Each structure stands twice: as C-alpha cells, then as structure tokens.
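Here is the file final_35.cif (mmCIF, C-alpha atoms).
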```
data_entry
loop_
_atom_site.group_PDB
_atom_site.id
_atom_site.type_symbol
_atom_site.label_atom_id
_atom_site.label_comp_id
_atom_site.auth_asym_id
_atom_site.auth_seq_id
_atom_site.Cartn_x
_atom_site.Cartn_y
_atom_site.Cartn_z
ATOM 1 C CA MET A 13 40.261 -31.231 -1.640
ATOM 2 C CA LYS A 14 36.655 -30.466 -2.396
ATOM 3 C CA ILE A 15 35.166 -30.677 -5.848
ATOM 4 C CA ARG A 16 32.037 -28.707 -6.562
ATOM 5 C CA ALA A 17 29.883 -29.580 -9.543
ATOM 6 C CA GLY A 18 27.551 -26.917 -10.957
ATOM 7 C CA PHE A 19 27.478 -23.157 -10.633
ATOM 8 C CA VAL A 20 29.598 -21.246 -8.150
ATOM 9 C CA SER A 21 27.872 -18.018 -7.158
ATOM 10 C CA ASN A 22 29.596 -14.818 -6.198
ATOM 11 C CA SER A 23 27.633 -12.974 -3.546
ATOM 12 C CA SER A 24 27.983 -9.240 -3.369
ATOM 13 C CA SER A 25 26.784 -6.136 -1.614
ATOM 14 C CA THR A 26 26.373 -2.742 -3.216
ATOM 15 C CA SER A 27 25.977 0.750 -1.798
ATOM 16 C CA PHE A 28 23.041 3.121 -2.106
ATOM 17 C CA LEU A 29 22.549 6.755 -1.161
ATOM 18 C CA ILE A 30 19.185 8.317 -0.336
ATOM 19 C CA ILE A 31 18.849 12.028 0.326
ATOM 20 C CA SER A 32 15.414 13.171 1.417
ATOM 21 C CA LYS A 33 13.631 16.326 2.378
ATOM 22 C CA GLY A 34 12.985 15.546 6.062
ATOM 23 C CA ALA A 35 12.813 11.924 7.147
ATOM 24 C CA PHE A 36 12.847 9.284 4.402
ATOM 25 C CA THR A 37 9.322 7.882 4.138
ATOM 26 C CA ARG A 38 7.606 5.041 2.303
ATOM 27 C CA ALA A 39 5.335 7.532 0.530
ATOM 28 C CA GLN A 40 8.349 9.468 -0.785
ATOM 29 C CA LEU A 41 9.902 6.340 -2.266
ATOM 30 C CA LEU A 42 6.650 5.225 -3.906
ATOM 31 C CA ARG A 43 6.143 8.659 -5.478
ATOM 32 C CA LEU A 44 9.749 8.736 -6.699
ATOM 33 C CA MET A 45 9.531 5.291 -8.287
ATOM 34 C CA GLY A 46 6.153 6.017 -9.895
ATOM 35 C CA VAL A 47 3.691 3.667 -8.186
ATOM 36 C CA ASP A 48 0.696 4.072 -5.936
ATOM 37 C CA ALA A 49 -1.538 1.627 -4.066
ATOM 38 C CA LYS A 50 -3.535 0.820 -7.232
ATOM 39 C CA SER A 51 -0.512 -0.569 -9.056
ATOM 40 C CA PRO A 52 0.155 -4.333 -9.122
ATOM 41 C CA MET A 53 3.807 -3.310 -8.673
ATOM 42 C CA TYR A 54 3.066 -1.551 -5.383
ATOM 43 C CA LYS A 55 4.161 -4.433 -3.144
ATOM 44 C CA LEU A 56 7.504 -4.698 -4.908
ATOM 45 C CA PHE A 57 8.410 -1.111 -4.055
ATOM 46 C CA ASP A 58 6.713 -1.338 -0.670
ATOM 47 C CA GLN A 59 9.148 -4.142 0.159
ATOM 48 C CA LEU A 60 12.027 -2.159 -1.355
ATOM 49 C CA TYR A 61 11.357 0.567 1.228
ATOM 50 C CA ASP A 62 11.814 -1.999 4.012
ATOM 51 C CA GLU A 63 14.989 -3.301 2.362
ATOM 52 C CA PHE A 64 16.407 0.225 2.163
ATOM 53 C CA THR A 65 15.554 1.146 5.757
ATOM 54 C CA ASN A 66 17.010 -2.137 7.036
ATOM 55 C CA GLY A 67 20.155 -1.583 4.970
ATOM 56 C CA VAL A 68 20.987 1.937 6.188
ATOM 57 C CA ASP A 69 24.467 2.108 7.732
ATOM 58 C CA GLU A 70 24.662 5.842 8.374
ATOM 59 C CA LYS A 71 22.168 8.695 8.642
ATOM 60 C CA VAL A 72 23.492 12.249 8.413
ATOM 61 C CA ASP A 73 21.659 15.545 8.840
ATOM 62 C CA LEU A 74 23.332 17.443 6.009
ATOM 63 C CA GLY A 75 22.202 20.797 7.400
ATOM 64 C CA ALA A 76 24.346 20.189 10.488
ATOM 65 C CA VAL A 77 27.545 19.471 8.557
ATOM 66 C CA GLN A 78 29.969 22.343 9.157
ATOM 67 C CA GLY A 79 32.945 23.596 7.143
ATOM 68 C CA ASN A 80 34.780 21.334 4.722
ATOM 69 C CA ALA A 81 32.866 18.101 4.780
ATOM 70 C CA HIS A 82 35.011 14.977 5.065
ATOM 71 C CA TRP A 83 32.479 12.632 3.561
ATOM 72 C CA ASN A 84 34.820 9.663 3.845
ATOM 73 C CA ARG A 85 34.580 10.000 7.621
ATOM 74 C CA LEU A 86 31.022 11.289 7.960
ATOM 75 C CA MET A 87 29.265 8.533 6.062
ATOM 76 C CA GLY A 88 30.220 5.586 8.238
ATOM 77 C CA PRO A 89 32.121 2.329 7.818
ATOM 78 C CA ARG A 90 31.498 1.943 4.067
ATOM 79 C CA ALA A 91 32.279 5.574 3.243
ATOM 80 C CA GLU A 92 35.294 4.650 1.122
ATOM 81 C CA ARG A 93 32.813 3.340 -1.415
ATOM 82 C CA LEU A 94 31.192 6.750 -1.952
ATOM 83 C CA SER A 95 31.365 7.591 -5.643
ATOM 84 C CA ASP A 96 32.183 11.028 -7.046
ATOM 85 C CA ARG A 97 28.530 11.329 -8.096
ATOM 86 C CA MET A 98 27.348 10.598 -4.553
ATOM 87 C CA ILE A 99 29.706 13.220 -3.102
ATOM 88 C CA GLU A 100 28.532 15.736 -5.701
ATOM 89 C CA LYS A 101 24.918 15.163 -4.600
ATOM 90 C CA LEU A 102 25.781 15.263 -0.883
ATOM 91 C CA GLU A 103 27.369 18.677 -1.427
ATOM 92 C CA ALA A 104 24.395 19.915 -3.460
ATOM 93 C CA TYR A 105 21.749 18.815 -0.953
ATOM 94 C CA ARG A 106 23.787 20.023 1.985
ATOM 95 C CA GLN A 107 22.832 23.539 0.907
ATOM 96 C CA ARG A 108 19.171 22.604 1.335
ATOM 97 C CA GLY A 109 19.623 20.909 4.708
ATOM 98 C CA TRP A 110 18.191 17.553 3.630
ATOM 99 C CA THR A 111 18.915 14.211 5.308
ATOM 100 C CA ALA A 112 21.254 11.570 3.845
ATOM 101 C CA TYR A 113 21.008 7.808 4.323
ATOM 102 C CA TYR A 114 23.938 5.736 3.154
ATOM 103 C CA GLY A 115 23.688 1.966 3.197
ATOM 104 C CA HIS A 116 23.951 -1.253 1.268
ATOM 105 C CA LEU A 117 21.924 -4.054 -0.274
ATOM 106 C CA ASP A 118 23.035 -7.695 -0.391
ATOM 107 C CA SER A 119 22.717 -10.043 -3.327
ATOM 108 C CA GLU A 120 22.138 -13.101 -1.135
ATOM 109 C CA SER A 121 19.072 -12.004 0.757
ATOM 110 C CA SER A 122 15.461 -11.700 -0.366
ATOM 111 C CA PRO A 123 14.656 -12.004 -4.105
ATOM 112 C CA VAL A 124 13.517 -8.362 -4.074
ATOM 113 C CA GLN A 125 16.735 -7.099 -2.469
ATOM 114 C CA THR A 126 18.805 -9.253 -4.802
ATOM 115 C CA PHE A 127 17.165 -7.656 -7.829
ATOM 116 C CA PHE A 128 17.755 -4.085 -6.690
ATOM 117 C CA CYS A 129 21.275 -4.991 -5.564
ATOM 118 C CA ILE A 130 22.223 -5.884 -9.122
ATOM 119 C CA ASP A 131 20.182 -3.229 -10.939
ATOM 120 C CA SER A 132 21.590 0.244 -11.596
ATOM 121 C CA PHE A 133 19.467 3.384 -11.268
ATOM 122 C CA GLU A 134 19.416 7.028 -10.252
ATOM 123 C CA GLU A 135 16.141 8.824 -9.540
ATOM 124 C CA GLU A 136 15.417 12.336 -8.339
ATOM 125 C CA ASN A 137 12.395 14.547 -7.725
ATOM 126 C CA ASP A 138 11.625 17.606 -5.628
ATOM 127 C CA GLU A 139 11.560 15.693 -2.324
ATOM 128 C CA MET A 140 14.111 12.921 -2.707
ATOM 129 C CA TYR A 141 17.279 11.721 -4.431
ATOM 130 C CA LEU A 142 18.132 8.023 -4.829
ATOM 131 C CA ASN A 143 21.458 6.744 -6.101
ATOM 132 C CA GLY A 144 21.652 3.029 -6.865
ATOM 133 C CA LEU A 145 24.267 3.454 -9.572
ATOM 134 C CA GLU A 146 26.789 1.352 -7.678
ATOM 135 C CA CYS A 147 24.277 -1.491 -7.794
ATOM 136 C CA ALA A 148 25.619 -3.057 -10.950
ATOM 137 C CA TRP A 149 27.412 -6.272 -11.813
ATOM 138 C CA MET B 2 -1.072 -20.270 -16.617
ATOM 139 C CA ILE B 3 2.264 -19.270 -15.107
ATOM 140 C CA LYS B 4 4.241 -22.382 -14.333
ATOM 141 C CA ALA B 5 7.636 -22.498 -12.649
ATOM 142 C CA VAL B 6 9.867 -25.147 -14.228
ATOM 143 C CA VAL B 7 13.151 -26.195 -12.628
ATOM 144 C CA ASP B 8 15.604 -27.506 -15.188
ATOM 145 C CA SER B 9 18.461 -29.996 -14.794
ATOM 146 C CA HIS B 10 20.820 -27.144 -13.796
ATOM 147 C CA ASN B 11 18.448 -26.262 -10.941
ATOM 148 C CA SER B 12 17.568 -22.960 -12.625
ATOM 149 C CA THR B 13 13.986 -21.745 -12.491
ATOM 150 C CA THR B 14 12.338 -20.687 -15.715
ATOM 151 C CA TYR B 15 8.678 -19.947 -16.313
ATOM 152 C CA VAL B 16 6.280 -21.234 -18.885
ATOM 153 C CA ILE B 17 3.604 -18.625 -19.441
ATOM 154 C CA SER B 18 0.504 -19.257 -21.476
ATOM 155 C CA ALA B 19 -1.182 -16.091 -22.668
ATOM 156 C CA PRO B 20 -4.879 -16.414 -23.608
ATOM 157 C CA THR B 21 -4.453 -13.280 -25.735
ATOM 158 C CA LEU B 22 -1.426 -11.353 -26.960
ATOM 159 C CA VAL B 23 -1.120 -8.200 -24.908
ATOM 160 C CA SER B 24 0.365 -5.030 -26.395
ATOM 161 C CA GLU B 25 3.046 -3.134 -24.511
ATOM 162 C CA SER B 26 0.714 -0.180 -23.974
ATOM 163 C CA VAL B 27 -2.023 -2.389 -22.469
ATOM 164 C CA PHE B 28 0.560 -4.116 -20.273
ATOM 165 C CA LEU B 29 1.761 -0.730 -18.989
ATOM 166 C CA GLN B 30 -1.821 0.385 -18.384
ATOM 167 C CA ARG B 31 -2.339 -2.709 -16.236
ATOM 168 C CA ALA B 32 0.881 -1.919 -14.371
ATOM 169 C CA ALA B 33 -0.621 1.483 -13.466
ATOM 170 C CA VAL B 34 2.750 3.174 -13.249
ATOM 171 C CA ARG B 35 3.598 6.827 -13.799
ATOM 172 C CA PRO B 36 4.967 7.611 -17.268
ATOM 173 C CA ASN B 37 8.753 8.083 -17.449
ATOM 174 C CA SER B 38 9.239 6.613 -13.984
ATOM 175 C CA TYR B 39 11.547 3.825 -12.850
ATOM 176 C CA ALA B 40 8.482 1.602 -12.348
ATOM 177 C CA GLU B 41 7.429 2.154 -15.956
ATOM 178 C CA ARG B 42 10.908 1.285 -17.235
ATOM 179 C CA LEU B 43 10.908 -1.852 -15.085
ATOM 180 C CA ALA B 44 7.451 -2.930 -16.312
ATOM 181 C CA THR B 45 8.641 -2.349 -19.894
ATOM 182 C CA ARG B 46 11.654 -4.599 -19.288
ATOM 183 C CA VAL B 47 9.399 -7.347 -17.917
ATOM 184 C CA TYR B 48 7.092 -7.040 -20.946
ATOM 185 C CA ARG B 49 9.931 -7.213 -23.459
ATOM 186 C CA ASP B 50 11.622 -10.100 -21.635
ATOM 187 C CA ILE B 51 8.432 -12.139 -21.974
ATOM 188 C CA PHE B 52 6.738 -11.026 -25.192
ATOM 189 C CA ILE B 53 9.759 -10.183 -27.341
ATOM 190 C CA LYS B 54 12.807 -12.045 -26.048
ATOM 191 C CA SER B 55 11.217 -15.286 -24.845
ATOM 192 C CA LEU B 56 10.777 -18.319 -27.031
ATOM 193 C CA ASN B 57 7.151 -18.741 -28.096
ATOM 194 C CA LEU B 58 6.855 -22.510 -27.752
ATOM 195 C CA LYS B 59 3.431 -22.700 -29.383
ATOM 196 C CA ARG B 60 4.481 -20.663 -32.405
ATOM 197 C CA ASP B 61 7.688 -22.658 -32.879
ATOM 198 C CA TYR B 62 5.814 -25.936 -32.566
ATOM 199 C CA ASP B 63 3.147 -24.901 -35.048
ATOM 200 C CA LEU B 64 5.626 -23.513 -37.572
ATOM 201 C CA TYR B 65 8.560 -25.878 -37.365
ATOM 202 C CA TYR B 66 8.084 -28.945 -35.171
ATOM 203 C CA LYS B 67 4.534 -30.186 -35.719
ATOM 204 C CA VAL B 68 5.673 -32.607 -38.399
ATOM 205 C CA GLU B 69 8.482 -33.979 -36.257
ATOM 206 C CA TYR B 70 6.560 -34.382 -32.990
ATOM 207 C CA GLY B 71 3.085 -35.813 -33.042
ATOM 208 C CA ASP B 72 1.710 -33.650 -30.242
ATOM 209 C CA PHE B 73 2.673 -30.586 -28.225
ATOM 210 C CA SER B 74 3.324 -32.568 -25.065
ATOM 211 C CA LYS B 75 5.859 -34.808 -26.841
ATOM 212 C CA TYR B 76 7.543 -31.707 -28.297
ATOM 213 C CA LEU B 77 7.891 -30.201 -24.803
ATOM 214 C CA ARG B 78 9.342 -33.412 -23.404
ATOM 215 C CA SER B 79 11.703 -34.233 -26.256
ATOM 216 C CA ARG B 80 12.792 -30.815 -27.433
ATOM 217 C CA HIS B 81 12.705 -28.875 -24.132
ATOM 218 C CA LEU B 82 13.350 -31.765 -21.721
ATOM 219 C CA LEU B 83 10.347 -31.009 -19.527
ATOM 220 C CA HIS B 84 9.082 -33.692 -17.178
ATOM 221 C CA ARG B 85 6.099 -35.725 -18.366
ATOM 222 C CA ALA B 86 3.667 -34.220 -15.841
ATOM 223 C CA GLU B 87 4.820 -30.651 -16.574
ATOM 224 C CA ALA B 88 4.544 -31.189 -20.316
ATOM 225 C CA ALA B 89 1.047 -32.640 -19.992
ATOM 226 C CA ASP B 90 -0.043 -29.745 -17.805
ATOM 227 C CA ILE B 91 1.262 -27.139 -20.257
ATOM 228 C CA ALA B 92 -0.128 -29.018 -23.263
ATOM 229 C CA SER B 93 -3.575 -28.915 -21.668
ATOM 230 C CA VAL B 94 -3.769 -25.144 -22.330
ATOM 231 C CA TYR B 95 -2.413 -25.352 -25.897
ATOM 232 C CA GLY B 96 -5.860 -24.972 -27.441
ATOM 233 C CA THR B 97 -6.841 -21.928 -25.374
ATOM 234 C CA SER B 98 -3.534 -20.047 -25.632
ATOM 235 C CA ALA B 99 -2.570 -17.405 -28.160
ATOM 236 C CA ALA B 100 1.063 -17.947 -27.164
ATOM 237 C CA ILE B 101 3.038 -20.095 -24.734
ATOM 238 C CA PHE B 102 6.310 -18.448 -23.739
ATOM 239 C CA ARG B 103 9.355 -19.917 -22.055
ATOM 240 C CA TYR B 104 10.526 -17.034 -19.870
ATOM 241 C CA GLU B 105 14.169 -17.767 -19.058
ATOM 242 C CA TYR B 106 16.480 -15.839 -16.742
ATOM 243 C CA PRO B 107 13.619 -14.113 -14.886
ATOM 244 C CA MET B 108 14.464 -11.120 -12.721
ATOM 245 C CA SER B 109 15.103 -12.384 -9.208
ATOM 246 C CA PHE B 110 12.028 -10.736 -7.695
ATOM 247 C CA VAL B 111 9.851 -12.784 -10.036
ATOM 248 C CA GLN B 112 11.049 -15.902 -8.228
ATOM 249 C CA SER B 113 9.019 -15.156 -5.151
ATOM 250 C CA GLY B 114 5.340 -15.361 -4.376
ATOM 251 C CA LEU B 115 5.169 -11.599 -4.763
ATOM 252 C CA GLY B 116 6.665 -11.724 -8.258
ATOM 253 C CA GLU B 117 4.434 -14.521 -9.472
ATOM 254 C CA ILE B 118 1.331 -12.684 -8.283
ATOM 255 C CA LEU B 119 2.621 -9.567 -10.046
ATOM 256 C CA LEU B 120 2.997 -11.479 -13.326
ATOM 257 C CA GLN B 121 -0.449 -12.986 -12.871
ATOM 258 C CA LYS B 122 -2.004 -9.530 -12.575
ATOM 259 C CA LEU B 123 -0.043 -8.037 -15.456
ATOM 260 C CA LEU B 124 -0.738 -10.958 -17.773
ATOM 261 C CA ASN B 125 -4.295 -11.468 -16.530
ATOM 262 C CA THR B 126 -3.682 -15.187 -16.112
ATOM 263 C CA GLU B 127 -3.293 -17.731 -13.320
ATOM 264 C CA VAL B 128 -0.329 -19.113 -11.420
ATOM 265 C CA GLY B 129 -0.055 -22.898 -11.600
ATOM 266 C CA GLN B 130 2.472 -25.328 -10.213
#
```
Please express the file's structure as structure tokens.
Amino acid sequence: MKIRAGFVSNSSSTSFLIISKGAFTRAQLLRLMGVDAKSPMYKLFDQLYDEFTNGVDEKVDLGAVQGNAHWNRLMGPRAERLSDRMIEKLEAYRQRGWTAYYGHLDSESSPVQTFFCIDSFEEENDEMYLNGLECAW
Amino acid sequence: MIKAVVDSHNSTTYVISAPTLVSESVFLQRAAVRPNSYAERLATRVYRDIFIKSLNLKRDYDLYYKVEYGDFSKYLRSRHLLHRAEAADIASVYGTSAAIFRYEYPMSFVQSGLGEILLQKLLNTEVGQ
C-alpha cells in the first residue's frame, strides 16, 4: 500500500478544432486572438500557435469531402469526442472548402498549453474558426 | 517587484508591489490588444485577478494589523507565514509601493518565465526572486 500526502492531480487532455481559409498560419491565429507584435501578450499566443500545430491529430480538406460526411470517421482517432457544435461548423465551412485541423491539448505539458487546455473559448473571423469549448474542467 | 513565493503546500503565489495603482483601461492599453478580442478578455481577467480579487497586504496591514504587528516584515512572517528573507525583501519596498498584492491561484502560464515577463510589462515593475 502506498500513502500519498498532499494534492493528487488529475491530468487531462481536451480537444480543439481549427478551421482555416487555406493553411492555418501563425498570423491568422494572432489576428483572431487580437494581438500583434507590439503587444506584451504576443509571445503567449505565439507559443499557443506552436502548441496547436504540435497537437493536431487530423487535417482534413473540407472541400474534398464528398456526399454524407461521416465526421466520426474522417476526423481521426479522437473523432468520437467531436461535439455537436464542432460538427455544425465542419458542415458550414465545408461549403466554403476551408481546411480543418482537429487535435488536442494536454494539461500536463507546458504552462501555456496547460492554461489553454483548461480554458474554454470559441473565436471566429472571416479567415478562421477556433473551437476550444471542450477545453473546460 | 514581482516575487514568486512557494507556500507550505508547494503552491506558487506571487507578491506584487505596484508603485502606482493602475486603472483597468491603462492596463489594457499597455496590453495593446484589440478591443472585444480573446486577448482583451484574458488581459481583463489578469487585471481583475490582481487588482480586485487579490489581497492588498499593504492596505490590510495599514488598516487592521499595524497595531498588532510592529512592522510590515513581522506581519508578513506571522500572519502570512512567509520566510524571513522573503518577508524582509517584500518589506523593503513597502515605502515605495501604492499597493502590495498577494496574487494567489495564478493562471498557469504566469508560472513560467514568459508569464512573469508579461506581468512585468503590464504592471511596469520588476521581477524579483
């Protein structure tokens, strides 16, 4: 028997969905989140871009999806975690032929990734959609 | 001064001395974020966590504990269980601070070099250990 004194942490991973006009770029993310190079918060979101790109599990060209889309098969090994909201957006942006990136963030990684793993957000502009709504504890 | 303090539960909190009290609008101007963006909402949360929700140690000492504890350093050691060296360090900026906040439960990104530098820029102060 082992006895642990102190806190016991519960690590977790949460899914995100990015849908972008063309390839997902650092500049797109920074514009969506509302920072530019002059902001002291720039490096935070600059690192978030790296965390997102490293966490992508599946990339899908939505314009190439034919017929009835079986998102639970198309979006890779974690597709069962797609929310209704994510599927709604995949269907909407499929009409425009944008590109979807489905992935996950871990709570036990870098402090920056941990923060965005446990925060909950949904952002959208005319060149990108970001769903981090599943990122909530 | 932004000073990381590790308590007996191994949790990191920050003691932040502010030379002047910064308004939310000035703080957001320093953050240089686009209005109504995620970054602006995040900067607002950081501001409110520090300036509204955090305990102002200097204010509490001046208002309630000055009679009980002879000096600020003793108050920090006895009331907030800070180590002697930490308390002395924080007490050294008592006279030049408009407020000294104890920022508990910081967002995880703050607990990195990147986050401490961010706070330093937003609060226009220095990081100290």
Can you turn the PyMOL selection byres ((chain A) within 7 of (chain B)) into a concrete residue list for this file, as a list in words?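 That expression, the PyMOL selection byres ((chain A) within 7 of (chain B)), corresponds here to Met45, Gly46, Val47, Lys50, Ser51, Pro52, Met53, Pro123, Val124, Thr126 and Phe127 of chain A.
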Residues picked by the PyMOL selection byres ((chain A and resi 82-85) around 12) here, as a PyMOL selection string? chain A and resi 70+72+74+77-81+86-96+98-103+106+112+114
Residue nearest Arg80 in chain B - candidates B:Arg46, B:Leu64, B:Leu58, B:Thr21, atoms counted: only C-alpha atoms: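 Among the listed residues, the smallest separation from Arg80 in chain B belongs to B:Leu58.
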Report, as AutoDock Vina command-line options, the axis-aligned box around all atoms of range 28-44 of chain A present in the file, extended by 5 Å on each side; give centre and edge lengths in Å to one decimal place.
```
--center_x 14.2 --center_y 9.7 --center_z 0.2 --size_x 27.7 --size_y 23.2 --size_z 23.8
```
12 Å contact set for Glu63 in chain A, only C-alpha atoms, chain neighbours under 4 positions out, as a list in words: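 Residues near the query, excluding close chain neighbours: Phe28, Arg38, Leu41, Leu56, Phe57, Asp58, Gln59, Gly67, Val68, Gly115, His116, Leu117, Asp118, Ser119, Ser121, Ser122, Pro123, Val124, Gln125, Thr126, Phe127, Phe128 and Cys129 of chain A.
When CA of Ile130 in chain A is paired with CA of Phe36 in chain A, their separation reads 22.4 Å.
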Would you work out the distance separating CA of Leu124 in chain B from CA of Ser74 in chain B, expressed in Å to one decimal?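 CA of Ser74 in chain B lies at a distance of 23.2 Å from CA of Leu124 in chain B.
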Could you please determine the separation between CA of Glu139 in chain A and CA of Lys33 in chain A in Å, to one decimal place? 5.2 Å
Please, could N, CA and C atoms be added to range 34-49 of chain B and the result written as a compact mmCIF listing (two decimals), in the frame of the given file?
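Okay, rebuild.txt is ready:
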```txt
# COMPACT_ATOMS: atom_id res chain seq x y z
N VAL B 34 1.55 2.46 -13.70
CA VAL B 34 2.75 3.17 -13.25
C VAL B 34 2.81 4.55 -13.90
N ARG B 35 3.50 5.47 -13.27
CA ARG B 35 3.60 6.83 -13.80
C ARG B 35 4.51 6.85 -15.02
N PRO B 36 4.11 7.53 -16.08
CA PRO B 36 4.97 7.61 -17.27
C PRO B 36 6.35 8.17 -16.92
N ASN B 37 7.36 7.64 -17.60
CA ASN B 37 8.75 8.08 -17.45
C ASN B 37 9.33 7.84 -16.05
N SER B 38 8.72 6.92 -15.32
CA SER B 38 9.24 6.61 -13.98
C SER B 38 10.08 5.34 -14.04
N TYR B 39 10.79 5.07 -12.95
CA TYR B 39 11.55 3.82 -12.85
C TYR B 39 10.60 2.64 -12.97
N ALA B 40 9.44 2.72 -12.31
CA ALA B 40 8.48 1.60 -12.35
C ALA B 40 8.02 1.33 -13.78
N GLU B 41 7.84 2.37 -14.56
CA GLU B 41 7.43 2.15 -15.96
C GLU B 41 8.56 1.49 -16.75
N ARG B 42 9.79 1.92 -16.53
CA ARG B 42 10.91 1.28 -17.24
C ARG B 42 11.05 -0.18 -16.84
N LEU B 43 10.81 -0.46 -15.55
CA LEU B 43 10.91 -1.85 -15.08
C LEU B 43 9.79 -2.71 -15.70
N ALA B 44 8.57 -2.19 -15.72
CA ALA B 44 7.45 -2.93 -16.31
C ALA B 44 7.71 -3.17 -17.80
N THR B 45 8.31 -2.20 -18.47
CA THR B 45 8.64 -2.35 -19.89
C THR B 45 9.66 -3.47 -20.10
N ARG B 46 10.65 -3.52 -19.20
CA ARG B 46 11.65 -4.60 -19.29
C ARG B 46 11.01 -5.96 -19.11
N VAL B 47 10.08 -6.06 -18.14
CA VAL B 47 9.40 -7.35 -17.92
C VAL B 47 8.61 -7.73 -19.17
N TYR B 48 7.89 -6.76 -19.74
CA TYR B 48 7.09 -7.04 -20.95
C TYR B 48 7.99 -7.55 -22.08
N ARG B 49 9.06 -6.85 -22.32
CA ARG B 49 9.93 -7.21 -23.46
C ARG B 49 10.64 -8.54 -23.21
```
